[in-house]
>>> print(open('run18.txt').read())   # compact mmCIF, C-alpha atoms
# COMPACT_ATOMS: atom_id res chain seq x y z
CA MET I 1 0.00 0.00 0.00
CA ALA I 2 1.30 3.47 -0.90
CA GLU I 3 2.50 5.73 1.89
CA THR I 4 1.88 9.48 1.82
CA LEU I 5 3.18 12.28 3.98
CA ALA I 6 0.22 14.03 5.59
CA ASN I 7 0.50 17.33 7.44
CA ARG I 8 -1.43 19.83 9.54
CA LEU I 9 0.44 22.80 8.16
CA LYS I 10 -2.66 24.72 7.08
CA GLU I 11 -4.40 24.14 10.40
CA ARG I 12 -1.40 25.25 12.47
CA ARG I 13 -0.75 28.23 10.21
CA GLY I 14 -4.38 29.23 10.68
CA GLU I 15 -4.08 28.95 14.48
CA LEU I 16 -1.16 31.39 14.38
CA GLY I 17 -2.92 33.69 11.92
CA LEU I 18 -0.16 33.42 9.33
CA THR I 19 -0.60 33.63 5.58
CA GLN I 20 1.27 31.27 3.26
CA ALA I 21 3.46 34.17 2.18
CA GLU I 22 4.35 35.07 5.79
CA LEU I 23 5.25 31.48 6.64
CA ALA I 24 7.24 31.18 3.41
CA GLU I 25 9.21 34.29 4.34
CA ARG I 26 9.98 32.89 7.80
CA VAL I 27 11.47 29.70 6.40
CA GLY I 28 13.12 31.21 3.32
CA VAL I 29 11.08 29.67 0.53
CA THR I 30 8.41 30.94 -1.85
CA ARG I 31 4.67 30.89 -1.12
CA LYS I 32 4.43 28.31 -3.91
CA THR I 33 6.55 25.83 -1.93
CA VAL I 34 4.47 26.27 1.23
CA ASN I 35 1.34 25.84 -0.90
CA THR I 36 2.54 22.59 -2.48
CA VAL I 37 3.65 21.17 0.89
CA GLU I 38 0.26 22.06 2.44
CA ASN I 39 -1.59 20.36 -0.41
CA GLY I 40 0.57 17.26 -0.20
CA VAL I 41 1.79 17.80 -3.77
CA PHE I 42 5.39 18.25 -2.71
CA THR I 43 7.27 16.26 -0.06
CA PRO I 44 9.66 18.65 1.70
CA SER I 45 13.24 17.81 2.58
CA ALA I 46 14.09 17.09 6.21
CA THR I 47 15.70 20.53 6.41
CA LEU I 48 12.55 22.31 5.25
CA ALA I 49 10.32 20.15 7.46
CA ILE I 50 12.40 21.11 10.53
CA LYS I 51 12.32 24.79 9.53
CA LEU I 52 8.53 24.69 9.05
CA ALA I 53 8.01 22.99 12.40
CA ALA I 54 10.26 25.53 14.15
CA ALA I 55 8.48 28.46 12.49
CA LEU I 56 5.11 27.08 13.61
CA GLY I 57 6.30 26.27 17.15
CA VAL I 58 5.68 22.51 16.99
CA THR I 59 7.78 19.39 16.51
CA VAL I 60 8.19 17.79 13.10
CA GLU I 61 6.18 14.78 14.30
CA GLN I 62 3.30 17.04 15.30
CA LEU I 63 3.32 18.64 11.87
CA PHE I 64 3.96 15.66 9.60
CA TRP I 65 3.00 12.00 9.78
CA ILE I 66 2.89 9.05 7.41
CA GLU I 67 -0.49 7.88 6.18
CA ARG I 68 -0.93 4.34 4.88
CA MET F 1 16.45 45.43 -1.19
CA ASN F 2 14.41 44.56 1.91
CA LYS F 3 13.11 41.09 2.74
CA ARG F 4 9.52 41.80 1.69
CA SER F 5 10.52 43.02 -1.73
CA VAL F 6 12.78 39.97 -2.21
CA SER F 7 9.85 37.57 -1.68
CA GLU F 8 7.48 39.72 -3.72
CA THR F 9 10.00 39.92 -6.55
CA ALA F 10 10.56 36.15 -6.40
CA GLU F 11 6.79 35.52 -6.48
CA ALA F 12 6.36 37.80 -9.49
CA LEU F 13 9.30 36.20 -11.28
CA SER F 14 7.95 32.71 -10.58
CA TRP F 15 4.60 33.67 -12.12
CA ARG F 16 6.28 35.26 -15.13
CA ARG F 17 8.46 32.20 -15.66
CA ALA F 18 5.51 29.81 -15.32
CA ARG F 19 3.56 31.79 -17.93
CA ALA F 20 6.50 32.23 -20.29
CA LEU F 21 7.83 28.66 -20.33
CA PRO F 22 5.02 26.92 -22.26
CA ALA F 23 4.86 29.83 -24.72
CA LEU F 24 8.62 29.69 -25.16
CA ALA F 25 8.44 25.94 -25.75
CA VAL F 26 5.74 26.35 -28.41
CA ILE F 27 7.74 29.09 -30.18
CA PHE F 28 10.92 27.00 -29.97
CA LEU F 29 9.22 23.88 -31.38
CA ALA F 30 7.28 25.84 -34.03
CA GLN F 31 10.57 27.34 -35.23
CA GLN F 32 11.79 23.85 -36.04
CA ALA F 33 9.42 23.76 -39.03
CA SER F 34 11.74 26.12 -40.90
CA TYR F 35 14.58 23.57 -40.60
CA LEU F 36 12.61 20.83 -42.34
CA ASN F 37 13.07 22.47 -45.74
CA MET F 38 16.79 22.82 -45.27
CA PRO F 39 19.09 20.67 -47.46
CA ALA F 40 20.92 17.77 -45.76
CA GLN F 41 24.24 19.54 -46.38
CA PRO F 42 23.47 23.25 -45.91
CA ASP F 43 25.89 25.53 -47.73
CA ARG F 44 24.04 28.85 -47.97
CA PRO F 45 25.04 31.51 -45.39
CA VAL F 46 21.40 31.83 -44.33
CA ASP F 47 21.32 28.11 -43.45
CA HIS F 48 24.41 28.44 -41.27
CA LEU F 49 22.87 31.48 -39.61
CA LYS F 50 19.67 29.55 -38.89
CA ILE F 51 21.56 26.59 -37.44
CA GLY F 52 23.71 28.97 -35.38
CA ALA F 53 20.58 30.72 -34.06
CA TRP F 54 19.00 27.40 -33.13
CA LEU F 55 22.19 26.29 -31.37
CA VAL F 56 22.47 29.54 -29.36
CA LEU F 57 18.78 29.42 -28.36
CA SER F 58 19.11 25.74 -27.39
CA ILE F 59 22.14 26.46 -25.20
CA VAL F 60 20.39 29.40 -23.51
CA LEU F 61 17.26 27.31 -22.85
CA LEU F 62 19.34 24.39 -21.56
CA ALA F 63 21.24 26.74 -19.24
CA GLY F 64 17.90 28.11 -18.05
CA LEU F 65 16.61 24.61 -17.33
CA ALA F 66 19.83 23.63 -15.58
CA THR F 67 20.10 26.72 -13.37
CA GLY F 68 16.54 28.02 -13.10
CA GLY F 69 17.38 31.35 -14.75
CA ALA F 70 17.01 34.80 -13.12
CA TRP F 71 20.74 35.27 -13.84
CA PHE F 72 20.67 39.03 -13.70
CA ARG F 73 18.79 39.28 -10.41
CA PRO F 74 20.33 39.71 -6.96
CA ARG F 75 21.50 36.49 -5.31
CA ALA F 76 18.72 36.55 -2.68
CA VAL F 77 16.04 36.72 -5.37
CA ARG F 78 17.76 34.07 -7.48
CA GLU F 79 17.92 31.68 -4.52
CA LEU F 80 14.27 32.22 -3.67
CA VAL F 81 13.12 31.83 -7.27
CA ASN F 82 14.99 28.51 -7.30
CA ASP F 83 13.88 27.20 -3.95
CA GLU F 84 13.26 23.58 -3.00
CA SER F 85 10.03 22.94 -4.92
CA THR F 86 11.35 24.70 -8.03
CA ARG F 87 14.49 22.55 -7.99
CA ALA F 88 12.29 19.45 -7.70
CA HIS F 89 10.18 20.65 -10.65
CA ARG F 90 13.33 21.28 -12.70
CA GLN F 91 14.64 17.80 -11.95
CA ALA F 92 11.31 16.22 -12.88
CA SER F 93 11.16 18.19 -16.13
CA LEU F 94 14.74 17.20 -17.03
CA VAL F 95 13.73 13.54 -16.60
CA TYR F 96 10.86 14.13 -19.05
CA GLY F 97 13.34 15.79 -21.41
CA PHE F 98 15.65 12.77 -21.20
CA TRP F 99 12.83 10.38 -22.14
CA ALA F 100 11.76 12.66 -24.99
CA ALA F 101 15.32 12.53 -26.34
CA MET F 102 15.35 8.74 -26.04
CA ALA F 103 11.99 8.45 -27.83
CA ALA F 104 13.25 10.77 -30.59
CA ALA F 105 16.47 8.74 -30.90
CA ILE F 106 14.56 5.47 -31.25
CA ALA F 107 12.19 7.02 -33.81
CA LEU F 108 15.17 8.35 -35.81
CA TYR F 109 16.85 4.96 -35.67
CA ILE F 110 13.76 3.37 -37.20
CA ILE F 111 13.35 6.16 -39.80
CA ASN F 112 17.01 5.75 -40.77
CA MET F 113 16.27 2.18 -41.89
CA VAL F 114 13.95 3.57 -44.57
CA GLU F 115 15.43 7.01 -45.28
CA PRO F 116 18.94 8.23 -44.43
CA VAL F 117 19.07 10.77 -41.60
CA SER F 118 22.15 12.97 -41.30
CA GLY F 119 23.97 13.35 -38.00
CA ARG F 120 23.07 17.05 -37.84
CA GLU F 121 19.38 16.31 -38.40
CA ALA F 122 19.38 13.59 -35.76
CA VAL F 123 21.04 15.84 -33.17
CA HIS F 124 18.67 18.66 -34.06
CA VAL F 125 15.54 16.54 -33.56
CA MET F 126 16.77 14.95 -30.32
CA VAL F 127 17.89 18.21 -28.72
CA SER F 128 14.72 20.05 -29.78
CA ALA F 129 12.47 17.29 -28.46
CA ALA F 130 14.29 17.15 -25.13
CA ILE F 131 14.29 20.91 -24.58
CA GLY F 132 10.72 21.39 -25.78
CA VAL F 133 9.27 18.65 -23.58
CA ALA F 134 11.33 19.71 -20.53
CA LEU F 135 10.19 23.34 -20.91
CA ILE F 136 6.52 22.37 -21.20
CA ARG F 137 6.73 20.04 -18.20
CA PHE F 138 8.55 22.61 -16.05
CA GLY F 139 5.98 25.27 -16.97
CA MET F 140 3.07 22.94 -16.19
CA LEU F 141 4.46 21.96 -12.77
CA GLU F 142 5.18 25.57 -11.85
CA ARG F 143 1.76 26.83 -12.94
CA ARG F 144 -0.01 24.08 -11.01
CA ALA F 145 2.03 24.81 -7.88
CA LEU F 146 1.40 28.55 -8.10
CA LYS F 147 -2.32 28.24 -8.83
CA ASP F 148 -3.63 26.06 -5.99
CA GLY F 149 -3.96 27.54 -2.60
>>> encode(input="run18.txt", output="structure tokens")
Amino acid sequence: MAETLANRLKERRGELGLTQAELAERVGVTRKTVNTVENGVFTPSATLAIKLAAALGVTVEQLFWIER
Amino acid sequence: MNKRSVSETAEALSWRRARALPALAVIFLAQQASYLNMPAQPDRPVDHLKIGAWLVLSIVLLAGLATGGAWFRPRAVRELVNDESTRAHRQASLVYGFWAAMAAAIALYIINMVEPVSGREAVHVMVSAAIGVALIRFGMLERRALKDG
């Protein structure tokens, strides 16, 4: 069975009242990259996942998990 | 340049690139029609000029695909325009380009059994197919990524 990387990026971003562009600026990527990660279209590198988690004040495990 | 303007510039450049790439690919591939009428051994100056123009354009487009472009922008903008997802899109499009070149090579191999194909013609078709397909794929991936959200 295929495994996918699910995330609660949008939810957490919403809790903090951040736009995609603001989060993108905090982690040093474009809004497009944040958008594709949120939609599950793009699987981020470990580096970006750690940066996103740090910017949103959660651990990587709280932000991303594997769905089977 | 402040941080806000760097991200805004990168966003605008990403949009421009996503819109321009498919158009550029269509123009590039449409241009190839003019080479079909060329003799197998071109000797007129205009033929050499055409081949030279094609070669220069191909090298520029290949360099754009390999580096992501934005060469004349500040480093901060260039890095942001070629961030993680863009690099992934470029890699994926280069894979498509590779397979397009392989398909063109196999087709030329078969055609050559019936009708002789010169080395120049074969290289021309393979390079054009690879660049054209890679440009279209890169543009499609970028547009899709920019649109949703």
>>> closest_residue(input="run18.txt", among="F:Leu80, F:Ile51, F:Val133, F:Leu65", to="chain I", atoms="only C-alpha atoms")
F:Leu80
>>> closest_residue(input="run18.txt", among="F:Arg44, F:Lys50, F:Arg137, F:Arg143", to="Arg90 of chain F", atoms="only C-alpha atoms")
F:Arg137
>>> closest_residue(input="run18.txt", among="F:Ala145, F:Leu13, F:Ile110, F:Met102", to="Glu79 of chain F", atoms="all atoms listed in the file")
F:Leu13
>>> residues_around(input="run18.txt", residues="Gly119 of chain F", least_positions_apart="2", cutoff="12 Å", atoms="only C-alpha atoms", output="list in words")
Ala40, Gln41, Ala105, Leu108, Tyr109, Asn112, Pro116, Val117, Glu121, Ala122, Val123, His124, Val125 and Met126 of chain F
>>> closest_residue(input="run18.txt", among="I:Thr36, I:Thr19, I:Thr47, I:Thr4", to="chain F", atoms="only C-alpha atoms")
I:Thr36
>>> residues_around(input="run18.txt", residues="Ser45 of chain I", least_positions_apart="6", cutoff="10 Å", atoms="all atoms listed in the file", output="list in words")
Lys51 of chain I; Glu84 and Ser85 of chain F
>>> interface_residues(input="run18.txt", of="chain I", to="chain F", cutoff="10 Å", atoms="all atoms listed in the file", output="ChimeraX atom specification")
/I:20-22,24-25,28-39,41-45,48
>>> residues_around(input="run18.txt", residues="segment 59-61 of chain F", least_positions_apart="5", cutoff="9 Å", atoms="all atoms listed in the file", output="ChimeraX atom specification")
/F:54,66,131,135
>>> atom_distance(input="run18.txt", atom1="atom CA of Ala134 of chain F", atom2="atom CA of Ala53 of chain F")
19.7 Å
>>> atom_distance(input="run18.txt", atom1="atom CA of Arg26 of chain I", atom2="atom CA of Gly68 of chain F")
22.4 Å
>>> residues_around(input="run18.txt", residues="Val60 of chain I", least_positions_apart="6", cutoff="7 Å", atoms="only C-alpha atoms", output="PDB file with C-alpha atoms, in the frame of the given file")
ATOM      1  CA  ALA I  49      10.320  20.150   7.460  1.00  0.00           C
ATOM      2  CA  ILE I  50      12.400  21.110  10.530  1.00  0.00           C
ATOM      3  CA  ALA I  53       8.010  22.990  12.400  1.00  0.00           C
TER       4      ALA I  53
END
>>> atom_distance(input="run18.txt", atom1="atom CA of Leu24 of chain F", atom2="atom CA of Val56 of chain F")
14.5 Å
>>> residues_around(input="run18.txt", residues="Ala2 of chain I", least_positions_apart="3", cutoff="12 Å", atoms="all atoms listed in the file", output="list in words")
Leu5, Ile66, Glu67 and Arg68 of chain I
>>> write_last_selection(input="run18.txt", atoms="C-alpha atoms", output="compact mmCIF listing (two decimals), keeping the file's coordinate frame")
# COMPACT_ATOMS: atom_id res chain seq x y z
CA LEU I 5 3.18 12.28 3.98
CA ILE I 66 2.89 9.05 7.41
CA GLU I 67 -0.49 7.88 6.18
CA ARG I 68 -0.93 4.34 4.88
>>> build_atoms(input="run18.txt", residues="segment 44-63 of chain I", atoms="N, CA and C atoms", output="compact mmCIF listing (two decimals), keeping the file's coordinate frame")
# COMPACT_ATOMS: atom_id res chain seq x y z
N PRO I 44 8.49 17.80 1.38
CA PRO I 44 9.66 18.65 1.70
C PRO I 44 10.85 17.84 2.17
N SER I 45 12.03 18.44 2.05
CA SER I 45 13.24 17.81 2.58
C SER I 45 13.17 17.84 4.10
N ALA I 46 14.05 17.08 4.75
CA ALA I 46 14.09 17.09 6.21
C ALA I 46 14.42 18.49 6.72
N THR I 47 15.30 19.17 6.01
CA THR I 47 15.70 20.53 6.41
C THR I 47 14.49 21.47 6.41
N LEU I 48 13.71 21.42 5.34
CA LEU I 48 12.55 22.31 5.25
C LEU I 48 11.48 21.91 6.27
N ALA I 49 11.31 20.62 6.49
CA ALA I 49 10.32 20.15 7.46
C ALA I 49 10.66 20.67 8.86
N ILE I 50 11.95 20.62 9.21
CA ILE I 50 12.40 21.11 10.53
C ILE I 50 12.19 22.63 10.62
N LYS I 51 12.51 23.33 9.54
CA LYS I 51 12.32 24.79 9.53
C LYS I 51 10.85 25.16 9.68
N LEU I 52 9.98 24.42 8.98
CA LEU I 52 8.53 24.69 9.05
C LEU I 52 8.02 24.44 10.46
N ALA I 53 8.46 23.32 11.04
CA ALA I 53 8.01 22.99 12.40
C ALA I 53 8.48 24.06 13.39
N ALA I 54 9.72 24.49 13.25
CA ALA I 54 10.26 25.53 14.15
C ALA I 54 9.50 26.84 13.99
N ALA I 55 9.20 27.20 12.75
CA ALA I 55 8.48 28.46 12.49
C ALA I 55 7.06 28.42 13.04
N LEU I 56 6.49 27.21 13.12
CA LEU I 56 5.11 27.08 13.61
C LEU I 56 5.06 26.65 15.09
N GLY I 57 6.22 26.55 15.71
CA GLY I 57 6.30 26.27 17.15
C GLY I 57 5.84 24.88 17.53
N VAL I 58 6.03 23.90 16.68
CA VAL I 58 5.68 22.51 16.99
C VAL I 58 6.84 21.60 16.60
N THR I 59 6.73 20.33 16.94
CA THR I 59 7.78 19.39 16.51
C THR I 59 7.43 18.88 15.10
N VAL I 60 8.42 18.32 14.46
CA VAL I 60 8.19 17.79 13.10
C VAL I 60 7.11 16.71 13.13
N GLU I 61 7.15 15.88 14.19
CA GLU I 61 6.18 14.78 14.30
C GLU I 61 4.75 15.31 14.48
N GLN I 62 4.63 16.46 15.11
CA GLN I 62 3.30 17.04 15.30
C GLN I 62 2.76 17.64 14.00
N LEU I 63 3.69 17.98 13.13
CA LEU I 63 3.32 18.64 11.87
C LEU I 63 3.14 17.66 10.72
